[in-house]
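Visitor: Handing you a structure now.
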Amino acid sequence: MSYMRSRLITLWYCLFLLFITTNSLAASDLLPSWNDGPSKKSIIKFVQTVTDQSSPDYIQPADRIAVFDNDGTLWAEQPMYFQLAFAFEQVKTLAPQHPEWKEKQPFKAVLENDMKTVLAGGEHALLEIIMATHAGNTTDEFSQTVKNWLATAKHPKTGRPYSDMVYQPMLELLAYLRANDFKTYIVSGGGIEFMRPWSEKVYGIPPEQVIGSSIKTKFEYRDETPVLVRLPEINFIDDKAGKPVGINQHIGRRPIAAFGNSDGDLQMLQWTVAGSGPRFTLLVHHTDADREWAYDRSSSIGHLDKALNEAVEKGWTVVDMKRDWKTIFAFEKK
């Protein structure tokens with residue numbers, strides 16, 4: 001009898017170990033494109049801590065808010081922000097309706113593919129292009145235009161659709177968080193109505209969970225149909241200090257986790273960690289010139305300087321893309 005009892009105890013112990021190991025591996029396997037290392041371990045440790053009901057740091061699902069920058073954090077942003085590529089393409093599409101653009105800057109430079117001159121015009125020139133290509137239509141018309149562009153446009157370096165330029169490790173991270181009852185939001189300096197038409201299909205983030213910069217709209221009737229018309233006036237800039245403001249306006253809860261890649265995300269990360277209880281912040285550091293791009297402090301796109309210094313000083317998680325990611329884009333596997 002004692003022999004059988006001993007065998008049963010041994011069997012139950014082995015099953016218990018198998019259960020523990022399997023569950024541990026399951027968490028790890030949800031991030032298969034991440035190399036084992038400090039970054040991956042810090043993510044899993046945080047999620048396990050705030051979802052463990054026996055932990056003093058347990059957080060209710062309603063408060064599990066995670067916010068993500070888009071450009072450079074969820075998808076690539078080089079050699080230029082993808083929304084700018086869209087705006088430049090729209091200038092060429094709309095040019096027949098505006099013959100004056102052939103001699104008027106910055107439109108003349110766009111039509112001649114003179115990006116140096118366009119960018120030399122600074123924020124004013126880019127804003128003029130955005131207003132000319134993003135306003136005057138209805139919200140439904142603009143949404144369809146974005147969808148049509150995304151369905152056909154190709155990235156200039158890879159030749160892939162822009163929707164293929166998303167980071168596979170970040171898609172896995174989004175899925176991992178949602179599997180643990182986190183609600184995931186995009187908080188981007190990009191246009192809110194540029195991102196909403198495709199965010200759910202690409203990231204699994206529905207349009208109501210997208211926060212971004214916006215232009216003003218007004219209600220009116222067109223052909224006896226009520227519509228919202230986009231106006232050539234700035235409504236809100238969701239960048240830098242604007243990001244915490246946008247989060248508060250749209251969500252009404254302080255996030256417990258924030259993810260970015262540039263100084264434009266610094267205030268969002270600072271505001272997140274200033275809350276009580278466990279907090280998690282992460283910066284994606286672009287260090288892989290072979291598979292993607294390597295840039296930080298001297299880059300005009302995705303400029304990462306002050307945020308990187310603060311991350312090192314305060315112990316935030318910094319993802320070294322070259323070291324931490326087995327795969328950057330899903331198409332690499334193919």
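Chain labels follow the order of the structure tokens: the first chain is A, the next B, and so on; residue numbering restarts at 1 in every chain, and ligands are counted from 1 in their shown order.
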Compile the contact shell of Met165 (chain A) as number ranges by chain: residues with an atom at most 10 Å away, counting only C-alpha atoms, same-chain residues fewer than 3 positions apart removed.

Guide: A: 74-77, 154-155, 158, 160-162, 168, 292, 328-331

Visitor: Could you please take those selected residues and save C-alpha atoms as a tab-separated table (two decimals), in the first residue's frame?

Guide:
```tsv
chain	number	residue	atom	x	y	z
A	74	LEU	CA	4.11	49.53	-34.04
A	75	TRP	CA	5.22	49.99	-37.63
A	76	ALA	CA	8.21	51.50	-39.43
A	77	GLU	CA	8.61	55.24	-39.95
A	154	LYS	CA	4.29	50.15	-51.63
A	155	HIS	CA	7.11	51.02	-49.28
A	158	THR	CA	11.08	46.99	-49.37
A	160	ARG	CA	5.97	45.72	-49.56
A	161	PRO	CA	2.53	47.12	-48.76
A	162	TYR	CA	2.76	49.59	-45.90
A	168	GLN	CA	5.85	41.22	-35.64
A	292	GLU	CA	15.42	47.89	-40.60
A	328	ILE	CA	11.22	42.31	-37.17
A	329	PHE	CA	8.70	41.90	-39.99
A	330	ALA	CA	6.49	38.89	-40.57
A	331	PHE	CA	7.53	38.69	-44.23
```

Visitor: So that I can see what lies close to Val273 (chain A), please list as a PyMOL selection string the residues with an atom at most 9 Å from it, counting only C-alpha atoms and leaving out residues fewer than 6 positions away in the same chain.

Guide: chain A and resi 255-258+279-281

Visitor: What lies within 7 Å of region 109-119 of chain A using only C-alpha atoms, ignoring chain neighbours under 3 positions off, as a compact mmCIF listing (two decimals) with C-alpha atoms, in the first residue's frame?

Guide:
```txt
# COMPACT_ATOMS: atom_id res chain seq x y z
CA PHE A 88 2.49 63.41 -51.18
CA LYS A 92 -0.04 64.12 -57.33
CA GLN A 105 5.77 75.57 -53.26
CA PRO A 106 5.75 73.18 -51.52
CA GLY A 122 9.65 72.78 -42.32
CA ALA A 125 5.15 73.43 -45.62
```

Visitor: Select, from A:Asp69, A:Asp181, A:Glu224, A:Glu172, the residue with the minimum atom-to-atom distance to Gln267 (chain A), counting only C-alpha atoms.

Guide: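 The answer is A:Asp69, which sits nearest to Gln267 (chain A).
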
Visitor: Smallest atom-to-atom distance to Lys108 (chain A): which of A:Val245, A:Leu150, A:Ala95, A:Val47, using only C-alpha atoms?

Guide: A:Ala95

Visitor: Can you pull out the residues contacting region 193-200 of chain A? Cut-off 10 Å, using only C-alpha atoms, and skip same-chain residues under 5 positions away; I want them as a ChimeraX atom specification.

Guide: /A:70,83,86,134,139-140,142-147,150,163,186,188,205-215

Visitor: Would you output that residue set with N, CA, C and O atoms, as a CSV table (one decimal), in the first residue's frame?

Guide:
```csv
chain,number,residue,atom,x,y,z
A,70,ASN,N,2.4,54.9,-32.5
A,70,ASN,CA,2.3,54.1,-33.8
A,70,ASN,C,3.6,54.1,-34.6
A,70,ASN,O,4.3,53.1,-34.7
A,83,GLN,N,2.2,58.6,-43.3
A,83,GLN,CA,1.1,59.5,-43.6
A,83,GLN,C,1.6,60.6,-44.5
A,83,GLN,O,0.8,61.1,-45.4
A,86,PHE,N,1.5,59.2,-47.9
A,86,PHE,CA,0.1,59.3,-48.4
A,86,PHE,C,-0.3,60.7,-48.9
A,86,PHE,O,-0.8,60.9,-50.0
A,134,HIS,N,-6.0,66.6,-47.0
A,134,HIS,CA,-6.8,65.9,-46.0
A,134,HIS,C,-8.2,66.6,-45.7
A,134,HIS,O,-9.0,66.1,-45.0
A,139,THR,N,-15.9,62.7,-43.9
A,139,THR,CA,-15.1,61.7,-43.2
A,139,THR,C,-15.2,60.3,-43.9
A,139,THR,O,-14.2,59.6,-43.9
A,140,ASP,N,-16.3,60.0,-44.4
A,140,ASP,CA,-16.5,58.7,-45.1
A,140,ASP,C,-15.6,58.7,-46.4
A,140,ASP,O,-15.0,57.7,-46.7
A,142,PHE,N,-12.9,60.4,-47.0
A,142,PHE,CA,-11.5,60.4,-46.6
A,142,PHE,C,-11.1,59.0,-46.2
A,142,PHE,O,-10.0,58.5,-46.5
A,143,SER,N,-11.9,58.3,-45.4
A,143,SER,CA,-11.7,57.0,-44.9
A,143,SER,C,-11.5,56.0,-46.1
A,143,SER,O,-10.6,55.2,-46.1
A,144,GLN,N,-12.3,56.2,-47.1
A,144,GLN,CA,-12.2,55.3,-48.3
A,144,GLN,C,-10.9,55.6,-49.1
A,144,GLN,O,-10.3,54.7,-49.6
A,145,THR,N,-10.5,56.9,-49.2
A,145,THR,CA,-9.3,57.3,-49.8
A,145,THR,C,-8.1,56.6,-49.2
A,145,THR,O,-7.2,56.1,-49.8
A,146,VAL,N,-8.1,56.6,-47.8
A,146,VAL,CA,-7.0,56.0,-47.1
A,146,VAL,C,-7.0,54.5,-47.4
A,146,VAL,O,-5.9,53.9,-47.6
A,147,LYS,N,-8.1,53.9,-47.3
A,147,LYS,CA,-8.2,52.4,-47.6
A,147,LYS,C,-7.7,52.1,-49.0
A,147,LYS,O,-6.9,51.1,-49.2
A,150,LEU,N,-3.8,52.5,-49.1
A,150,LEU,CA,-3.1,51.4,-48.3
A,150,LEU,C,-3.2,50.1,-49.1
A,150,LEU,O,-2.3,49.3,-49.0
A,163,SER,N,1.1,48.1,-44.9
A,163,SER,CA,0.6,47.3,-43.8
A,163,SER,C,1.4,46.1,-43.5
A,163,SER,O,1.2,45.4,-42.5
A,186,ILE,N,-4.0,53.0,-29.4
A,186,ILE,CA,-2.9,53.7,-30.1
A,186,ILE,C,-3.0,55.2,-29.7
A,186,ILE,O,-4.1,55.8,-29.7
A,188,SER,N,-1.0,58.4,-31.0
A,188,SER,CA,-0.1,58.8,-32.0
A,188,SER,C,-0.2,60.3,-32.5
A,188,SER,O,-1.3,60.8,-32.4
A,205,ILE,N,-6.9,46.7,-33.1
A,205,ILE,CA,-7.3,47.8,-32.2
A,205,ILE,C,-8.4,48.5,-32.9
A,205,ILE,O,-8.2,49.1,-34.0
A,206,PRO,N,-9.6,48.5,-32.4
A,206,PRO,CA,-10.8,49.1,-33.0
A,206,PRO,C,-10.7,50.6,-33.1
A,206,PRO,O,-9.9,51.2,-32.3
A,207,PRO,N,-11.4,51.3,-34.0
A,207,PRO,CA,-11.2,52.7,-34.2
A,207,PRO,C,-11.5,53.6,-33.0
A,207,PRO,O,-10.9,54.6,-32.8
A,208,GLU,N,-12.4,53.1,-32.1
A,208,GLU,CA,-12.7,53.9,-30.9
A,208,GLU,C,-11.5,53.9,-29.9
A,208,GLU,O,-11.5,54.6,-28.9
A,209,GLN,N,-10.5,53.0,-30.1
A,209,GLN,CA,-9.3,53.0,-29.3
A,209,GLN,C,-8.1,53.5,-30.0
A,209,GLN,O,-7.0,53.2,-29.6
A,210,VAL,N,-8.4,54.5,-30.9
A,210,VAL,CA,-7.3,55.2,-31.6
A,210,VAL,C,-7.4,56.6,-31.2
A,210,VAL,O,-8.4,57.3,-31.3
A,211,ILE,N,-6.3,57.2,-30.7
A,211,ILE,CA,-6.2,58.6,-30.4
A,211,ILE,C,-5.1,59.2,-31.3
A,211,ILE,O,-4.0,58.7,-31.4
A,212,GLY,N,-5.4,60.3,-31.9
A,212,GLY,CA,-4.4,60.9,-32.8
A,212,GLY,C,-4.7,62.4,-33.0
A,212,GLY,O,-5.7,63.0,-32.5
A,213,SER,N,-3.9,63.0,-33.8
A,213,SER,CA,-4.1,64.4,-34.2
A,213,SER,C,-5.3,64.5,-35.1
A,213,SER,O,-5.7,63.6,-35.8
A,214,SER,N,-6.0,65.7,-35.1
A,214,SER,CA,-7.2,65.8,-35.8
A,214,SER,C,-7.4,67.2,-36.4
A,214,SER,O,-6.8,68.2,-35.9
A,215,ILE,N,-8.2,67.3,-37.5
A,215,ILE,CA,-8.6,68.6,-38.0
A,215,ILE,C,-10.1,68.8,-37.6
A,215,ILE,O,-10.7,67.8,-37.2
```

Visitor: CA of Ser33 (chain A) and CA of Thr327 (chain A), how far apart in Å?

Guide: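 Atom-to-atom, CA of Thr327 (chain A) and CA of Ser33 (chain A) are spaced 5.3 Å apart.
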
Visitor: Can you list, as a PyMOL selection string, every protein, DNA or RNA residue that comes within 9 Å of region 50-67 of chain A when you count only C-alpha atoms, leaving out same-chain residues fewer than 6 positions away?

Guide: chain A and resi 177+180-187+247+251+253-260+268+277-278

Visitor: Emit the selected residues as a short mmCIF file (atom, residue, chain, number, x, y, z; two decimals), in the first residue's frame, including C-alpha atoms.

Guide:
```
data_model
loop_
_atom_site.label_atom_id
_atom_site.label_comp_id
_atom_site.auth_asym_id
_atom_site.auth_seq_id
_atom_site.Cartn_x
_atom_site.Cartn_y
_atom_site.Cartn_z
CA LEU A 177 -1.65 41.92 -23.36
CA ASN A 180 -4.46 39.07 -20.16
CA ASP A 181 -7.43 41.47 -20.20
CA PHE A 182 -5.51 44.61 -21.14
CA LYS A 183 -7.23 47.18 -23.30
CA THR A 184 -4.80 48.43 -25.95
CA TYR A 185 -4.88 51.93 -27.44
CA ILE A 186 -2.94 53.74 -30.15
CA VAL A 187 -1.82 57.22 -29.08
CA ILE A 247 -5.39 60.08 -23.26
CA ILE A 251 -9.91 57.30 -22.13
CA ARG A 253 -8.02 56.52 -17.05
CA ARG A 254 -4.27 56.78 -16.59
CA PRO A 255 -2.50 53.90 -18.38
CA ILE A 256 -0.46 51.38 -16.41
CA ALA A 257 1.73 50.61 -19.44
CA ALA A 258 3.05 52.86 -22.21
CA PHE A 259 5.14 52.07 -25.27
CA GLY A 260 6.98 54.50 -27.55
CA MET A 268 3.16 59.99 -22.27
CA GLY A 277 0.89 51.12 -8.19
CA PRO A 278 2.95 49.05 -10.64
#
```

Visitor: Which residues in region 273-323 of chain A does DSSP call strand (DSSP E or B)? List them as a compact mmCIF listing (two decimals) with C-alpha atoms, in the first residue's frame.

Guide:
```txt
# COMPACT_ATOMS: atom_id res chain seq x y z
CA PHE A 280 5.55 49.66 -17.11
CA THR A 281 7.21 51.78 -19.78
CA LEU A 282 9.12 50.64 -22.86
CA LEU A 283 11.07 52.34 -25.64
CA VAL A 284 11.77 50.67 -28.99
CA HIS A 285 15.35 51.59 -29.90
CA THR A 287 19.52 49.66 -33.74
CA ALA A 294 19.55 52.43 -37.06
CA THR A 317 12.72 48.89 -20.50
CA VAL A 318 14.61 49.72 -23.70
CA VAL A 319 14.24 47.25 -26.56
CA ASP A 320 17.40 46.92 -28.60
```

Visitor: Would you mind writing down, as a list in words, each residue of region 222-277 of chain A that DSSP on the backbone assigns to alpha helix (DSSP H)?

Guide: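 Selecting the alpha helix (DSSP H) positions of region 222-277 of chain A gives Gly242, Lys243, Pro244, Val245, Gly246, Ile247, Asn248, Gln249, His250, Leu266, Gln267, Met268, Leu269, Gln270, Trp271, Thr272 and Val273 of chain A.
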
Visitor: Pick out the closest residue to Tyr203 (chain A) from this set: A:Asp223, A:Asp164, A:Glu128, A:Asp239. Count only C-alpha atoms.

Guide: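 Ranking A:Asp223, A:Asp164, A:Glu128, A:Asp239 by distance to Tyr203 (chain A), first place goes to A:Asp164.
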
Visitor: Kindly give the distance, in Å, that separates CA of Leu231 (chain A) and CA of Lys218 (chain A), rounded to a single decimal.

Guide: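 According to the coordinates, CA of Leu231 (chain A) and CA of Lys218 (chain A) are separated by 7.3 Å.
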
Visitor: For Phe68 (chain A), which residue among A:Pro232, A:Gly275, A:Gly189, A:Gly315 is the nearest when counting only C-alpha atoms?

Guide: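 Nearest candidate to Phe68 (chain A) out of A:Pro232, A:Gly275, A:Gly189, A:Gly315: A:Gly189.
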
Visitor: To one decimal place, how far is CA of Trp293 (chain A) from CA of Val166 (chain A) in Å?

Guide: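 These atoms are spaced 13.7 Å apart.
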
Visitor: With a distance cut-off of 8 Å and only C-alpha atoms, select the neighbouring residues of region 40-43 of chain A, excluding the residue or stretch itself and same-chain residues fewer than 3 positions from it, and output the selection as a VMD selection string.

Guide: chain A and resid 31 34 to 37 46 to 47 317 324

Visitor: Could you turn the residues from that selection into a file that holds all heavy atoms, as a PDB file, in the first residue's frame?

Guide:
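Result went into part-v1.pdb, see below:
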```pdb
ATOM      1  N   LEU A  31       5.298  35.278 -27.113  1.00  0.00           N
ATOM      2  CA  LEU A  31       6.210  36.269 -27.682  1.00  0.00           C
ATOM      3  C   LEU A  31       7.337  35.558 -28.441  1.00  0.00           C
ATOM      4  O   LEU A  31       8.519  35.734 -28.138  1.00  0.00           O
ATOM      5  CB  LEU A  31       6.791  37.146 -26.565  1.00  0.00           C
ATOM      6  CG  LEU A  31       5.788  37.914 -25.698  1.00  0.00           C
ATOM      7  CD1 LEU A  31       6.494  38.624 -24.551  1.00  0.00           C
ATOM      8  CD2 LEU A  31       4.996  38.911 -26.536  1.00  0.00           C
ATOM      9  N   TRP A  34      10.510  37.335 -29.890  1.00  0.00           N
ATOM     10  CA  TRP A  34      11.392  38.015 -28.942  1.00  0.00           C
ATOM     11  C   TRP A  34      12.479  37.041 -28.468  1.00  0.00           C
ATOM     12  O   TRP A  34      12.178  35.911 -28.089  1.00  0.00           O
ATOM     13  CB  TRP A  34      10.610  38.504 -27.730  1.00  0.00           C
ATOM     14  CG  TRP A  34       9.617  39.578 -28.009  1.00  0.00           C
ATOM     15  CD1 TRP A  34       8.441  39.456 -28.694  1.00  0.00           C
ATOM     16  CD2 TRP A  34       9.688  40.944 -27.589  1.00  0.00           C
ATOM     17  NE1 TRP A  34       7.789  40.655 -28.732  1.00  0.00           N
ATOM     18  CE2 TRP A  34       8.520  41.592 -28.067  1.00  0.00           C
ATOM     19  CE3 TRP A  34      10.616  41.681 -26.848  1.00  0.00           C
ATOM     20  CZ2 TRP A  34       8.264  42.948 -27.824  1.00  0.00           C
ATOM     21  CZ3 TRP A  34      10.369  43.021 -26.613  1.00  0.00           C
ATOM     22  CH2 TRP A  34       9.213  43.650 -27.102  1.00  0.00           C
ATOM     23  N   ASN A  35      13.709  37.490 -28.494  1.00  0.00           N
ATOM     24  CA  ASN A  35      14.774  36.701 -27.889  1.00  0.00           C
ATOM     25  C   ASN A  35      14.627  36.728 -26.374  1.00  0.00           C
ATOM     26  O   ASN A  35      14.175  37.722 -25.794  1.00  0.00           O
ATOM     27  CB  ASN A  35      16.148  37.269 -28.274  1.00  0.00           C
ATOM     28  CG  ASN A  35      16.529  36.946 -29.704  1.00  0.00           C
ATOM     29  OD1 ASN A  35      16.365  35.812 -30.159  1.00  0.00           O
ATOM     30  ND2 ASN A  35      17.031  37.941 -30.422  1.00  0.00           N
ATOM     31  N   ASP A  36      14.996  35.621 -25.745  1.00  0.00           N
ATOM     32  CA  ASP A  36      14.991  35.596 -24.289  1.00  0.00           C
ATOM     33  C   ASP A  36      16.053  36.564 -23.779  1.00  0.00           C
ATOM     34  O   ASP A  36      17.205  36.508 -24.195  1.00  0.00           O
ATOM     35  CB  ASP A  36      15.284  34.181 -23.779  1.00  0.00           C
ATOM     36  CG  ASP A  36      14.131  33.226 -24.051  1.00  0.00           C
ATOM     37  OD1 ASP A  36      12.971  33.681 -24.058  1.00  0.00           O
ATOM     38  OD2 ASP A  36      14.404  32.032 -24.281  1.00  0.00           O
ATOM     39  N   GLY A  37      15.640  37.435 -22.903  1.00  0.00           N
ATOM     40  CA  GLY A  37      16.550  38.448 -22.393  1.00  0.00           C
ATOM     41  C   GLY A  37      15.809  39.387 -21.474  1.00  0.00           C
ATOM     42  O   GLY A  37      14.620  39.197 -21.182  1.00  0.00           O
ATOM     43  N   PHE A  46       5.952  41.793 -15.529  1.00  0.00           N
ATOM     44  CA  PHE A  46       4.964  42.819 -15.227  1.00  0.00           C
ATOM     45  C   PHE A  46       3.544  42.289 -15.414  1.00  0.00           C
ATOM     46  O   PHE A  46       2.676  42.459 -14.548  1.00  0.00           O
ATOM     47  CB  PHE A  46       5.178  44.046 -16.113  1.00  0.00           C
ATOM     48  CG  PHE A  46       4.098  45.088 -15.979  1.00  0.00           C
ATOM     49  CD1 PHE A  46       4.051  45.926 -14.875  1.00  0.00           C
ATOM     50  CD2 PHE A  46       3.107  45.210 -16.957  1.00  0.00           C
ATOM     51  CE1 PHE A  46       3.049  46.873 -14.740  1.00  0.00           C
ATOM     52  CE2 PHE A  46       2.110  46.165 -16.828  1.00  0.00           C
ATOM     53  CZ  PHE A  46       2.075  46.995 -15.723  1.00  0.00           C
ATOM     54  N   VAL A  47       3.309  41.635 -16.542  1.00  0.00           N
ATOM     55  CA  VAL A  47       1.970  41.120 -16.828  1.00  0.00           C
ATOM     56  C   VAL A  47       1.556  40.078 -15.789  1.00  0.00           C
ATOM     57  O   VAL A  47       0.413  40.099 -15.288  1.00  0.00           O
ATOM     58  CB  VAL A  47       1.900  40.530 -18.253  1.00  0.00           C
ATOM     59  CG1 VAL A  47       0.571  39.812 -18.483  1.00  0.00           C
ATOM     60  CG2 VAL A  47       2.086  41.637 -19.289  1.00  0.00           C
ATOM     61  N   THR A 317      12.289  49.924 -19.564  1.00  0.00           N
ATOM     62  CA  THR A 317      12.720  48.888 -20.504  1.00  0.00           C
ATOM     63  C   THR A 317      13.028  49.519 -21.857  1.00  0.00           C
ATOM     64  O   THR A 317      12.210  50.259 -22.409  1.00  0.00           O
ATOM     65  CB  THR A 317      11.625  47.816 -20.665  1.00  0.00           C
ATOM     66  OG1 THR A 317      11.422  47.159 -19.406  1.00  0.00           O
ATOM     67  CG2 THR A 317      12.026  46.778 -21.708  1.00  0.00           C
ATOM     68  N   ASP A 324      17.142  42.158 -29.350  1.00  0.00           N
ATOM     69  CA  ASP A 324      15.972  41.597 -28.680  1.00  0.00           C
ATOM     70  C   ASP A 324      14.955  40.938 -29.603  1.00  0.00           C
ATOM     71  O   ASP A 324      14.119  40.164 -29.136  1.00  0.00           O
ATOM     72  CB  ASP A 324      15.258  42.689 -27.867  1.00  0.00           C
ATOM     73  CG  ASP A 324      16.061  43.108 -26.646  1.00  0.00           C
ATOM     74  OD1 ASP A 324      16.782  42.254 -26.095  1.00  0.00           O
ATOM     75  OD2 ASP A 324      15.973  44.279 -26.243  1.00  0.00           O
TER      76      ASP A 324
END
```
